[in-house]
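Asker: What follows is the file target-v4.cif, containing mmCIF, C-alpha atoms:
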```cif
data_start
loop_
_atom_site.group_PDB
_atom_site.id
_atom_site.type_symbol
_atom_site.label_atom_id
_atom_site.label_comp_id
_atom_site.auth_asym_id
_atom_site.auth_seq_id
_atom_site.Cartn_x
_atom_site.Cartn_y
_atom_site.Cartn_z
ATOM 1 C CA MET A 1 115.283 88.095 84.393
ATOM 2 C CA ALA A 2 112.427 87.986 86.882
ATOM 3 C CA SER A 3 110.430 84.793 87.200
ATOM 4 C CA ILE A 4 106.976 83.594 88.234
ATOM 5 C CA LEU A 5 106.333 80.091 89.551
ATOM 6 C CA VAL A 6 102.864 78.530 89.305
ATOM 7 C CA VAL A 7 102.112 75.705 91.737
ATOM 8 C CA CYS A 8 99.401 73.056 92.047
ATOM 9 C CA THR A 9 99.462 69.460 93.306
ATOM 10 C CA GLY A 10 100.504 67.161 90.485
ATOM 11 C CA ASN A 11 101.695 69.745 87.937
ATOM 12 C CA VAL A 12 99.656 67.944 85.291
ATOM 13 C CA CYS A 13 96.251 69.725 85.346
ATOM 14 C CA ARG A 14 95.869 73.263 86.667
ATOM 15 C CA SER A 15 99.371 74.710 86.826
ATOM 16 C CA PRO A 16 100.409 73.777 83.252
ATOM 17 C CA ILE A 17 97.315 75.555 81.906
ATOM 18 C CA ALA A 18 97.897 78.591 84.126
ATOM 19 C CA GLU A 19 101.588 78.642 83.204
ATOM 20 C CA GLY A 20 100.754 78.766 79.507
ATOM 21 C CA MET A 21 98.071 81.410 79.917
ATOM 22 C CA LEU A 22 100.244 83.628 82.104
ATOM 23 C CA ARG A 23 103.161 83.317 79.696
ATOM 24 C CA ARG A 24 100.935 84.359 76.799
ATOM 25 C CA GLY A 25 99.432 87.303 78.678
ATOM 26 C CA LEU A 26 102.743 88.554 80.067
ATOM 27 C CA HIS A 27 104.416 88.372 76.666
ATOM 28 C CA ALA A 28 101.554 90.322 75.120
ATOM 29 C CA ARG A 29 101.927 92.969 77.842
ATOM 30 C CA PHE A 30 105.706 93.151 78.287
ATOM 31 C CA GLY A 31 107.131 91.647 75.095
ATOM 32 C CA ASP A 32 110.597 90.112 75.162
ATOM 33 C CA VAL A 33 111.284 91.419 78.680
ATOM 34 C CA ALA A 34 108.304 89.594 80.182
ATOM 35 C CA PRO A 35 109.119 87.576 83.305
ATOM 36 C CA ARG A 36 109.781 83.882 82.820
ATOM 37 C CA VAL A 37 106.969 81.570 83.864
ATOM 38 C CA ALA A 38 107.412 77.991 85.103
ATOM 39 C CA SER A 39 105.339 75.539 87.126
ATOM 40 C CA ALA A 40 105.716 72.682 89.584
ATOM 41 C CA GLY A 41 103.607 70.509 91.871
ATOM 42 C CA THR A 42 103.744 69.897 95.608
ATOM 43 C CA ALA A 43 103.295 66.213 94.816
ATOM 44 C CA GLY A 44 104.436 66.586 91.235
ATOM 45 C CA TRP A 45 104.336 63.601 88.922
ATOM 46 C CA GLY A 46 107.919 64.230 87.839
ATOM 47 C CA GLY A 47 108.497 63.573 84.137
ATOM 48 C CA SER A 48 104.816 63.088 83.317
ATOM 49 C CA PRO A 49 103.065 65.034 80.559
ATOM 50 C CA ALA A 50 100.059 67.204 81.234
ATOM 51 C CA MET A 51 96.802 65.299 81.407
ATOM 52 C CA PRO A 52 95.355 64.843 77.893
ATOM 53 C CA GLU A 53 92.205 66.668 78.969
ATOM 54 C CA SER A 54 94.295 69.638 80.119
ATOM 55 C CA VAL A 55 96.087 69.716 76.788
ATOM 56 C CA VAL A 56 92.778 69.726 74.923
ATOM 57 C CA ALA A 57 91.126 72.314 77.176
ATOM 58 C CA ALA A 58 94.127 74.644 76.942
ATOM 59 C CA ALA A 59 94.370 74.227 73.163
ATOM 60 C CA GLU A 60 90.722 75.166 72.796
ATOM 61 C CA ARG A 61 91.612 78.476 74.436
ATOM 62 C CA GLY A 62 94.674 79.013 72.247
ATOM 63 C CA VAL A 63 97.408 77.733 74.562
ATOM 64 C CA ASP A 64 99.682 74.826 73.613
ATOM 65 C CA ILE A 65 100.891 72.785 76.616
ATOM 66 C CA ALA A 66 101.462 69.534 74.706
ATOM 67 C CA ALA A 67 105.205 69.599 75.460
ATOM 68 C CA HIS A 68 104.760 70.147 79.210
ATOM 69 C CA VAL A 69 106.783 67.910 81.548
ATOM 70 C CA ALA A 70 105.773 67.817 85.217
ATOM 71 C CA ARG A 71 108.241 68.385 88.029
ATOM 72 C CA ARG A 72 108.153 68.085 91.812
ATOM 73 C CA LEU A 73 108.352 71.391 93.670
ATOM 74 C CA THR A 74 111.516 71.962 95.707
ATOM 75 C CA SER A 75 112.606 74.728 98.045
ATOM 76 C CA ASP A 76 115.108 75.855 95.401
ATOM 77 C CA HIS A 77 112.282 76.483 92.946
ATOM 78 C CA VAL A 78 110.539 78.667 95.500
ATOM 79 C CA ARG A 79 113.664 80.603 96.477
ATOM 80 C CA ALA A 80 114.514 81.302 92.834
ATOM 81 C CA ALA A 81 111.090 82.759 92.000
ATOM 82 C CA ASP A 82 110.221 86.425 92.346
ATOM 83 C CA LEU A 83 106.538 85.512 92.657
ATOM 84 C CA VAL A 84 104.825 82.225 93.519
ATOM 85 C CA VAL A 85 101.218 81.823 92.353
ATOM 86 C CA ALA A 86 99.400 78.875 93.925
ATOM 87 C CA MET A 87 96.252 77.294 92.577
ATOM 88 C CA ALA A 88 94.824 76.718 96.074
ATOM 89 C CA ALA A 89 95.306 77.876 99.646
ATOM 90 C CA GLU A 90 96.743 74.497 100.638
ATOM 91 C CA HIS A 91 99.618 74.983 98.180
ATOM 92 C CA ARG A 92 100.326 78.539 99.380
ATOM 93 C CA ASP A 93 100.303 77.468 103.010
ATOM 94 C CA ARG A 94 102.535 74.466 102.378
ATOM 95 C CA ILE A 95 105.061 76.625 100.527
ATOM 96 C CA VAL A 96 105.136 79.268 103.265
ATOM 97 C CA HIS A 97 105.559 76.593 105.932
ATOM 98 C CA ALA A 98 108.526 75.067 104.070
ATOM 99 C CA VAL A 99 110.131 78.345 102.925
ATOM 100 C CA PRO A 100 109.039 81.065 105.379
ATOM 101 C CA GLU A 101 111.084 83.769 103.653
ATOM 102 C CA ALA A 102 108.848 83.371 100.588
ATOM 103 C CA ALA A 103 105.680 84.369 102.485
ATOM 104 C CA GLY A 104 105.623 87.920 101.123
ATOM 105 C CA ARG A 105 105.702 86.761 97.501
ATOM 106 C CA THR A 106 103.485 83.686 97.701
ATOM 107 C CA PHE A 107 99.760 84.012 97.005
ATOM 108 C CA THR A 108 96.887 82.102 95.532
ATOM 109 C CA LEU A 109 95.946 83.229 92.036
ATOM 110 C CA LYS A 110 92.629 84.696 93.154
ATOM 111 C CA GLU A 111 94.077 86.267 96.291
ATOM 112 C CA LEU A 112 96.824 88.140 94.444
ATOM 113 C CA THR A 113 94.511 89.235 91.640
ATOM 114 C CA ARG A 114 91.981 90.713 94.050
ATOM 115 C CA LEU A 115 94.693 92.478 96.043
ATOM 116 C CA LEU A 116 96.227 93.985 92.892
ATOM 117 C CA GLU A 117 92.819 95.144 91.722
ATOM 118 C CA ALA A 118 92.406 96.959 95.052
ATOM 119 C CA LEU A 119 95.604 98.965 94.465
ATOM 120 C CA PRO A 120 95.757 102.271 92.564
ATOM 121 C CA LEU A 121 96.406 101.949 88.838
ATOM 122 C CA GLY A 122 99.889 102.562 87.508
ATOM 123 C CA GLU A 123 100.675 105.893 85.879
ATOM 124 C CA GLY A 124 98.647 106.085 82.704
ATOM 125 C CA GLY A 125 98.044 102.360 82.993
ATOM 126 C CA ALA A 126 101.370 101.901 81.225
ATOM 127 C CA ALA A 127 103.042 98.517 81.577
ATOM 128 C CA SER A 128 106.600 98.424 82.873
ATOM 129 C CA PRO A 129 108.586 95.215 83.252
ATOM 130 C CA ARG A 130 110.228 96.745 86.347
ATOM 131 C CA SER A 131 107.072 97.901 88.091
ATOM 132 C CA TRP A 132 105.278 94.607 88.758
ATOM 133 C CA PRO A 133 107.514 93.437 91.672
ATOM 134 C CA HIS A 134 106.646 96.704 93.434
ATOM 135 C CA ARG A 135 102.961 96.005 92.922
ATOM 136 C CA VAL A 136 103.418 92.525 94.394
ATOM 137 C CA ALA A 137 105.064 94.095 97.446
ATOM 138 C CA GLU A 138 102.166 96.545 97.748
ATOM 139 C CA ALA A 139 99.698 93.659 97.466
ATOM 140 C CA ASP A 140 101.472 91.863 100.305
ATOM 141 C CA ALA A 141 101.363 95.000 102.436
ATOM 142 C CA LEU A 142 97.635 95.271 101.778
ATOM 143 C CA ARG A 143 97.201 91.601 102.679
ATOM 144 C CA ARG A 144 98.990 92.112 105.974
ATOM 145 C CA GLY A 145 96.975 95.225 106.751
ATOM 146 C CA LYS A 146 93.545 95.402 108.264
ATOM 147 C CA THR A 147 91.920 96.466 105.013
ATOM 148 C CA ALA A 148 92.232 93.040 103.398
ATOM 149 C CA SER A 149 90.916 89.694 104.529
ATOM 150 C CA ARG A 150 91.090 86.184 103.115
ATOM 151 C CA ARG A 151 88.092 84.771 101.350
ATOM 152 C CA ASP A 152 86.620 81.299 101.264
ATOM 153 C CA ASP A 153 86.699 80.949 97.467
ATOM 154 C CA GLU A 154 90.456 81.168 96.889
ATOM 155 C CA ASP A 155 90.918 77.814 95.177
ATOM 156 C CA ILE A 156 90.875 76.726 91.559
ATOM 157 C CA VAL A 157 89.176 73.310 91.635
ATOM 158 C CA ASP A 158 91.357 70.327 90.762
ATOM 159 C CA PRO A 159 89.764 68.676 87.688
ATOM 160 C CA LEU A 160 91.708 65.425 88.028
ATOM 161 C CA GLY A 161 89.268 62.556 87.545
ATOM 162 C CA LEU A 162 86.569 64.748 86.024
ATOM 163 C CA PRO A 163 85.314 64.439 82.439
ATOM 164 C CA ILE A 164 86.598 66.826 79.790
ATOM 165 C CA GLU A 165 83.855 69.327 80.636
ATOM 166 C CA GLY A 166 85.443 69.794 84.058
ATOM 167 C CA TYR A 167 88.805 70.612 82.493
ATOM 168 C CA ARG A 168 87.143 73.034 80.100
ATOM 169 C CA ALA A 169 85.490 74.819 83.017
ATOM 170 C CA VAL A 170 88.833 75.086 84.821
ATOM 171 C CA ALA A 171 90.589 76.357 81.679
ATOM 172 C CA TRP A 172 87.890 79.000 81.230
ATOM 173 C CA GLU A 173 88.258 80.091 84.858
ATOM 174 C CA LEU A 174 92.047 80.148 84.658
ATOM 175 C CA GLU A 175 92.000 82.233 81.492
ATOM 176 C CA GLU A 176 89.821 84.865 83.154
ATOM 177 C CA TRP A 177 91.890 85.035 86.347
ATOM 178 C CA CYS A 178 95.228 84.986 84.505
ATOM 179 C CA GLU A 179 94.144 87.874 82.284
ATOM 180 C CA ARG A 180 93.084 89.833 85.352
ATOM 181 C CA LEU A 181 96.363 89.003 87.098
ATOM 182 C CA VAL A 182 98.413 90.290 84.156
ATOM 183 C CA ASP A 183 96.400 93.516 84.170
ATOM 184 C CA GLY A 184 96.955 93.830 87.906
ATOM 185 C CA LEU A 185 100.691 93.239 87.676
ATOM 186 C CA ALA A 186 100.954 95.852 84.932
ATOM 187 C CA GLY A 187 98.950 98.377 86.920
ATOM 188 C CA ALA A 188 96.496 98.570 84.049
ATOM 189 C CA THR A 189 92.734 98.812 84.055
ATOM 190 C CA ALA A 190 91.267 95.390 84.697
ATOM 191 C CA THR A 191 87.822 94.190 83.728
ATOM 192 C CA PRO A 192 86.681 91.836 86.466
ATOM 193 C CA SER A 193 83.861 89.476 85.633
ATOM 194 C CA SER A 194 80.911 88.742 87.823
ATOM 195 C CA ALA A 195 82.476 88.790 90.361
ATOM 196 C CA SER A 196 120.475 74.187 95.989
ATOM 197 C CA GLY A 197 118.428 72.363 98.497
ATOM 198 C CA THR A 198 116.271 69.953 96.603
ATOM 199 C CA GLU A 199 114.036 68.871 99.428
ATOM 200 C CA ALA A 200 110.439 68.519 98.317
ATOM 201 C CA VAL A 201 108.046 71.182 99.527
#
```
If you convert what's in this file into C-alpha cells, what do you get?
Answerer:
Amino acid sequence: MASILVVCTGNVCRSPIAEGMLRRGLHARFGDVAPRVASAGTAGWGGSPAMPESVVAAAERGVDIAAHVARRLTSDHVRAADLVVAMAAEHRDRIVHAVPEAAGRTFTLKELTRLLEALPLGEGGAASPRSWPHRVAEADALRRGKTASRRDDEDIVDPLGLPIEGYRAVAWELEEWCERLVDGLAGATATPSSASGTEAV
C-alpha cells in the first residue's frame, strides 16, 4: 500500500498533528484503501510523546494523537515513502540533500497543495486511490517548469515553546492545508481560504 511521510523537526509538535489530520482526510476520501500516513523528525525526540499542547490542540479539532511516539527520520523512512510532506523548507531541503532520489516526491505541505491546486481537476472530481501518485508527479513537473516558482511563506511555524494559543493556531492552519492537500491529491474541487540504511537525515 502507498504511504505518505510527514516530517518536521522534533516529531512532537507539527508533524503528529498533520499526520493525524491527513490520515483522517485520506480515509474519508479513499476509505480502506487510503495511503498509510506516518511521521518523523529530522532531529526527532525518539520515543517521546507529542507535546501536551499538541495533543490538546489536535483533540479540539477532532484528531486524537495521544498515543503518538516520536521517531528520528532516517534515509530508509524517506526511501520507503511514496510522498514526503515537510512542514518547512528546511526539512524538504535537508531530505533532498540526504536522499537525492527523493527530490521528485518531497515537498513542503503548502508547496505541494498549491501545485496540486494549479493542476486540472480529475475526471468528474472522482477520487481514485491509484490516481494521486500521478498527480504528485504532475505537481513535480509543474514545480520544475517555468510556470511555478517557490514562495516565501512555505513554512508551518514551529509552536515549540509557545503557549497553548500558538499550538491552536498551528492546528487550525494544518487542518486547512491538510484538507486542501487531500482535495488536491484526489483531483477534486478544493476550496482555498484567503489565500536499510538507518543514518539520520
Asker: For CA of Glu90 in chain A and CA of Asp158 in chain A, quote the distance in Å rounded to one decimal.
Answerer: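 Calculated distance between CA of Glu90 in chain A and CA of Asp158 in chain A is 12.0 Å.
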Asker: Record the distance separating CA of Ile65 in chain A and CA of Arg105 in chain A, expressed in Å with one decimal.
Answerer: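 Going from CA of Ile65 in chain A over to CA of Arg105 in chain A covers 25.6 Å.
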Asker: Can you tell me, as a ChimeraX atom specification, which residues sit within 12 Å of (113.8, 81.9, 94.1) in the file's frame, using only C-alpha atoms?
Answerer: /A:1-5,38,73-84,99,101-103,105-106,196-197
Asker: Take the PyMOL selection byres ((chain A and resi 135) around 9), run it mentally on this structure, and tell me the resulting residues as a list in words.
Answerer: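 Written out, the selection comes to Leu116, Leu119, Ser131, Trp132, Pro133, His134, Val136, Ala137, Glu138, Ala139, Asp140, Gly184, Leu185, Ala186 and Gly187 of chain A.
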Asker: I would like the residues chosen by the PyMOL selection byres ((chain A and resi 117) around 9) on the shown file; could you give them as a PyMOL selection string?
Answerer: chain A and resi 112-116+118-121+180-181+183-184+187+189-190+192
Asker: Give me, please, the distance in Å between CA of Gly47 in chain A and CA of His68 in chain A, quoted to one decimal.
Answerer: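 Between CA of Gly47 in chain A and CA of His68 in chain A the gap is 9.0 Å.
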Asker: To test your reading of the syntax: which residues would the PyMOL selection byres ((chain A and resi 93) around 12) return for the file shown? Reply as a list of chain:residue names.
Answerer: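 In the shown coordinates, the PyMOL selection byres ((chain A and resi 93) around 12) covers A:Val7, A:Cys8, A:Thr42, A:Val84, A:Val85, A:Ala86, A:Met87, A:Ala88, A:Ala89, A:Glu90, A:His91, A:Arg92, A:Arg94, A:Ile95, A:Val96, A:His97, A:Ala98, A:Val99, A:Pro100, A:Ala102, A:Ala103, A:Gly104, A:Thr106, A:Phe107, A:Thr108, A:Val201.
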Asker: Please determine, counting all atoms listed in the file, which residue among A:Cys13, A:Cys178, A:Val157, A:Ala169 has the shortest atom-to-atom distance to Gly41 in chain A.
Answerer: A:Cys13
Asker: I need the residue nearest Gly10 in chain A from this list: A:Pro35, A:Gly46, A:Gly25, A:Pro163. Use only C-alpha atoms for the distance.
Answerer: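 Among the listed residues, the smallest separation from Gly10 in chain A belongs to A:Gly46.
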Asker: I need the residue nearest Ala34 in chain A from this list: A:Leu22, A:Leu162, A:Ala59, A:Ile156. Use only C-alpha atoms for the distance.
Answerer: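 For Ala34 in chain A, the nearest of the candidates is A:Leu22.
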Asker: Counting only C-alpha atoms, which residue out of A:Val6, A:Leu109, A:Ala141, A:Leu174 sits closest to Val37 in chain A?
Answerer: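 Of A:Val6, A:Leu109, A:Ala141, A:Leu174, the one nearest Val37 in chain A, counting only C-alpha atoms, is A:Val6.
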Asker: Kindly indicate which residue among A:Arg72, A:Arg14, A:Arg144, A:Lys110 lies nearest to Ala43 in chain A, using only C-alpha atoms for the distances.
Answerer: A:Arg72
Asker: Give, as JSON, the centre coordinates and the x, y and z edge lengths in Å to one decimal for an axis-aligned box around all listed atoms of range 111-123 of chain A, padded by 4 Å on each side.
Answerer:
```
{"center_x": 96.3, "center_y": 96.1, "center_z": 91.1, "size_x": 16.7, "size_y": 27.6, "size_z": 18.4}
```
Asker: Missing atoms in range 62-87 of chain A need filling: write out N, CA, C and O atoms for it as a PDB file, in the coordinates of the input.
Answerer:
```pdb
ATOM      1  N   GLY A  62      93.537  78.435  72.945  1.00  0.00           N
ATOM      2  CA  GLY A  62      94.674  79.013  72.247  1.00  0.00           C
ATOM      3  C   GLY A  62      96.019  78.871  72.912  1.00  0.00           C
ATOM      4  O   GLY A  62      96.965  79.580  72.568  1.00  0.00           O
ATOM      5  N   VAL A  63      96.142  77.926  73.856  1.00  0.00           N
ATOM      6  CA  VAL A  63      97.408  77.733  74.562  1.00  0.00           C
ATOM      7  C   VAL A  63      97.884  76.297  74.359  1.00  0.00           C
ATOM      8  O   VAL A  63      97.142  75.349  74.627  1.00  0.00           O
ATOM      9  N   ASP A  64      99.117  76.149  73.899  1.00  0.00           N
ATOM     10  CA  ASP A  64      99.682  74.826  73.613  1.00  0.00           C
ATOM     11  C   ASP A  64     100.547  74.372  74.790  1.00  0.00           C
ATOM     12  O   ASP A  64     101.599  74.945  75.063  1.00  0.00           O
ATOM     13  N   ILE A  65     100.093  73.330  75.505  1.00  0.00           N
ATOM     14  CA  ILE A  65     100.891  72.785  76.616  1.00  0.00           C
ATOM     15  C   ILE A  65     101.254  71.321  76.343  1.00  0.00           C
ATOM     16  O   ILE A  65     101.564  70.570  77.267  1.00  0.00           O
ATOM     17  N   ALA A  66     101.216  70.935  75.072  1.00  0.00           N
ATOM     18  CA  ALA A  66     101.462  69.534  74.706  1.00  0.00           C
ATOM     19  C   ALA A  66     102.861  69.070  75.097  1.00  0.00           C
ATOM     20  O   ALA A  66     103.071  67.881  75.360  1.00  0.00           O
ATOM     21  N   ALA A  67     103.820  69.985  75.151  1.00  0.00           N
ATOM     22  CA  ALA A  67     105.205  69.599  75.460  1.00  0.00           C
ATOM     23  C   ALA A  67     105.515  69.689  76.956  1.00  0.00           C
ATOM     24  O   ALA A  67     106.654  69.451  77.367  1.00  0.00           O
ATOM     25  N   HIS A  68     104.520  69.975  77.774  1.00  0.00           N
ATOM     26  CA  HIS A  68     104.760  70.147  79.210  1.00  0.00           C
ATOM     27  C   HIS A  68     105.291  68.854  79.849  1.00  0.00           C
ATOM     28  O   HIS A  68     104.831  67.756  79.538  1.00  0.00           O
ATOM     29  N   VAL A  69     106.244  69.020  80.754  1.00  0.00           N
ATOM     30  CA  VAL A  69     106.783  67.910  81.548  1.00  0.00           C
ATOM     31  C   VAL A  69     106.692  68.298  83.028  1.00  0.00           C
ATOM     32  O   VAL A  69     107.240  69.319  83.450  1.00  0.00           O
ATOM     33  N   ALA A  70     105.993  67.502  83.805  1.00  0.00           N
ATOM     34  CA  ALA A  70     105.773  67.817  85.217  1.00  0.00           C
ATOM     35  C   ALA A  70     107.058  67.703  86.026  1.00  0.00           C
ATOM     36  O   ALA A  70     107.954  66.926  85.697  1.00  0.00           O
ATOM     37  N   ARG A  71     107.114  68.480  87.107  1.00  0.00           N
ATOM     38  CA  ARG A  71     108.241  68.385  88.029  1.00  0.00           C
ATOM     39  C   ARG A  71     107.751  68.578  89.458  1.00  0.00           C
ATOM     40  O   ARG A  71     106.736  69.229  89.711  1.00  0.00           O
ATOM     41  N   ARG A  72     108.475  67.996  90.386  1.00  0.00           N
ATOM     42  CA  ARG A  72     108.153  68.085  91.812  1.00  0.00           C
ATOM     43  C   ARG A  72     108.725  69.379  92.371  1.00  0.00           C
ATOM     44  O   ARG A  72     109.901  69.701  92.148  1.00  0.00           O
ATOM     45  N   LEU A  73     107.915  70.129  93.092  1.00  0.00           N
ATOM     46  CA  LEU A  73     108.352  71.391  93.670  1.00  0.00           C
ATOM     47  C   LEU A  73     109.430  71.164  94.725  1.00  0.00           C
ATOM     48  O   LEU A  73     109.305  70.284  95.582  1.00  0.00           O
ATOM     49  N   THR A  74     110.470  71.984  94.685  1.00  0.00           N
ATOM     50  CA  THR A  74     111.516  71.962  95.707  1.00  0.00           C
ATOM     51  C   THR A  74     111.678  73.352  96.298  1.00  0.00           C
ATOM     52  O   THR A  74     111.212  74.353  95.732  1.00  0.00           O
ATOM     53  N   SER A  75     112.361  73.430  97.417  1.00  0.00           N
ATOM     54  CA  SER A  75     112.606  74.728  98.045  1.00  0.00           C
ATOM     55  C   SER A  75     113.433  75.629  97.141  1.00  0.00           C
ATOM     56  O   SER A  75     113.264  76.857  97.159  1.00  0.00           O
ATOM     57  N   ASP A  76     114.312  75.049  96.339  1.00  0.00           N
ATOM     58  CA  ASP A  76     115.108  75.855  95.401  1.00  0.00           C
ATOM     59  C   ASP A  76     114.224  76.556  94.381  1.00  0.00           C
ATOM     60  O   ASP A  76     114.480  77.711  94.012  1.00  0.00           O
ATOM     61  N   HIS A  77     113.205  75.861  93.896  1.00  0.00           N
ATOM     62  CA  HIS A  77     112.282  76.483  92.946  1.00  0.00           C
ATOM     63  C   HIS A  77     111.633  77.711  93.562  1.00  0.00           C
ATOM     64  O   HIS A  77     111.502  78.763  92.934  1.00  0.00           O
ATOM     65  N   VAL A  78     111.213  77.562  94.810  1.00  0.00           N
ATOM     66  CA  VAL A  78     110.539  78.667  95.500  1.00  0.00           C
ATOM     67  C   VAL A  78     111.495  79.825  95.718  1.00  0.00           C
ATOM     68  O   VAL A  78     111.165  80.990  95.470  1.00  0.00           O
ATOM     69  N   ARG A  79     112.694  79.541  96.188  1.00  0.00           N
ATOM     70  CA  ARG A  79     113.664  80.603  96.477  1.00  0.00           C
ATOM     71  C   ARG A  79     114.085  81.357  95.221  1.00  0.00           C
ATOM     72  O   ARG A  79     114.410  82.538  95.274  1.00  0.00           O
ATOM     73  N   ALA A  80     114.077  80.675  94.083  1.00  0.00           N
ATOM     74  CA  ALA A  80     114.514  81.302  92.834  1.00  0.00           C
ATOM     75  C   ALA A  80     113.442  82.172  92.199  1.00  0.00           C
ATOM     76  O   ALA A  80     113.732  82.977  91.312  1.00  0.00           O
ATOM     77  N   ALA A  81     112.198  82.039  92.631  1.00  0.00           N
ATOM     78  CA  ALA A  81     111.090  82.759  92.000  1.00  0.00           C
ATOM     79  C   ALA A  81     110.864  84.118  92.660  1.00  0.00           C
ATOM     80  O   ALA A  81     110.955  84.252  93.877  1.00  0.00           O
ATOM     81  N   ASP A  82     110.559  85.097  91.838  1.00  0.00           N
ATOM     82  CA  ASP A  82     110.221  86.425  92.346  1.00  0.00           C
ATOM     83  C   ASP A  82     108.768  86.490  92.798  1.00  0.00           C
ATOM     84  O   ASP A  82     108.394  87.373  93.578  1.00  0.00           O
ATOM     85  N   LEU A  83     107.949  85.583  92.290  1.00  0.00           N
ATOM     86  CA  LEU A  83     106.538  85.512  92.657  1.00  0.00           C
ATOM     87  C   LEU A  83     106.092  84.064  92.543  1.00  0.00           C
ATOM     88  O   LEU A  83     106.423  83.390  91.555  1.00  0.00           O
ATOM     89  N   VAL A  84     105.367  83.579  93.549  1.00  0.00           N
ATOM     90  CA  VAL A  84     104.825  82.225  93.519  1.00  0.00           C
ATOM     91  C   VAL A  84     103.296  82.339  93.523  1.00  0.00           C
ATOM     92  O   VAL A  84     102.721  82.956  94.425  1.00  0.00           O
ATOM     93  N   VAL A  85     102.669  81.756  92.510  1.00  0.00           N
ATOM     94  CA  VAL A  85     101.218  81.823  92.353  1.00  0.00           C
ATOM     95  C   VAL A  85     100.660  80.418  92.528  1.00  0.00           C
ATOM     96  O   VAL A  85     100.900  79.536  91.696  1.00  0.00           O
ATOM     97  N   ALA A  86      99.934  80.196  93.608  1.00  0.00           N
ATOM     98  CA  ALA A  86      99.400  78.875  93.925  1.00  0.00           C
ATOM     99  C   ALA A  86      97.967  78.748  93.433  1.00  0.00           C
ATOM    100  O   ALA A  86      97.202  79.713  93.419  1.00  0.00           O
ATOM    101  N   MET A  87      97.600  77.546  93.056  1.00  0.00           N
ATOM    102  CA  MET A  87      96.252  77.294  92.577  1.00  0.00           C
ATOM    103  C   MET A  87      95.249  77.167  93.720  1.00  0.00           C
ATOM    104  O   MET A  87      94.047  77.341  93.517  1.00  0.00           O
TER     105      MET A  87
END
```
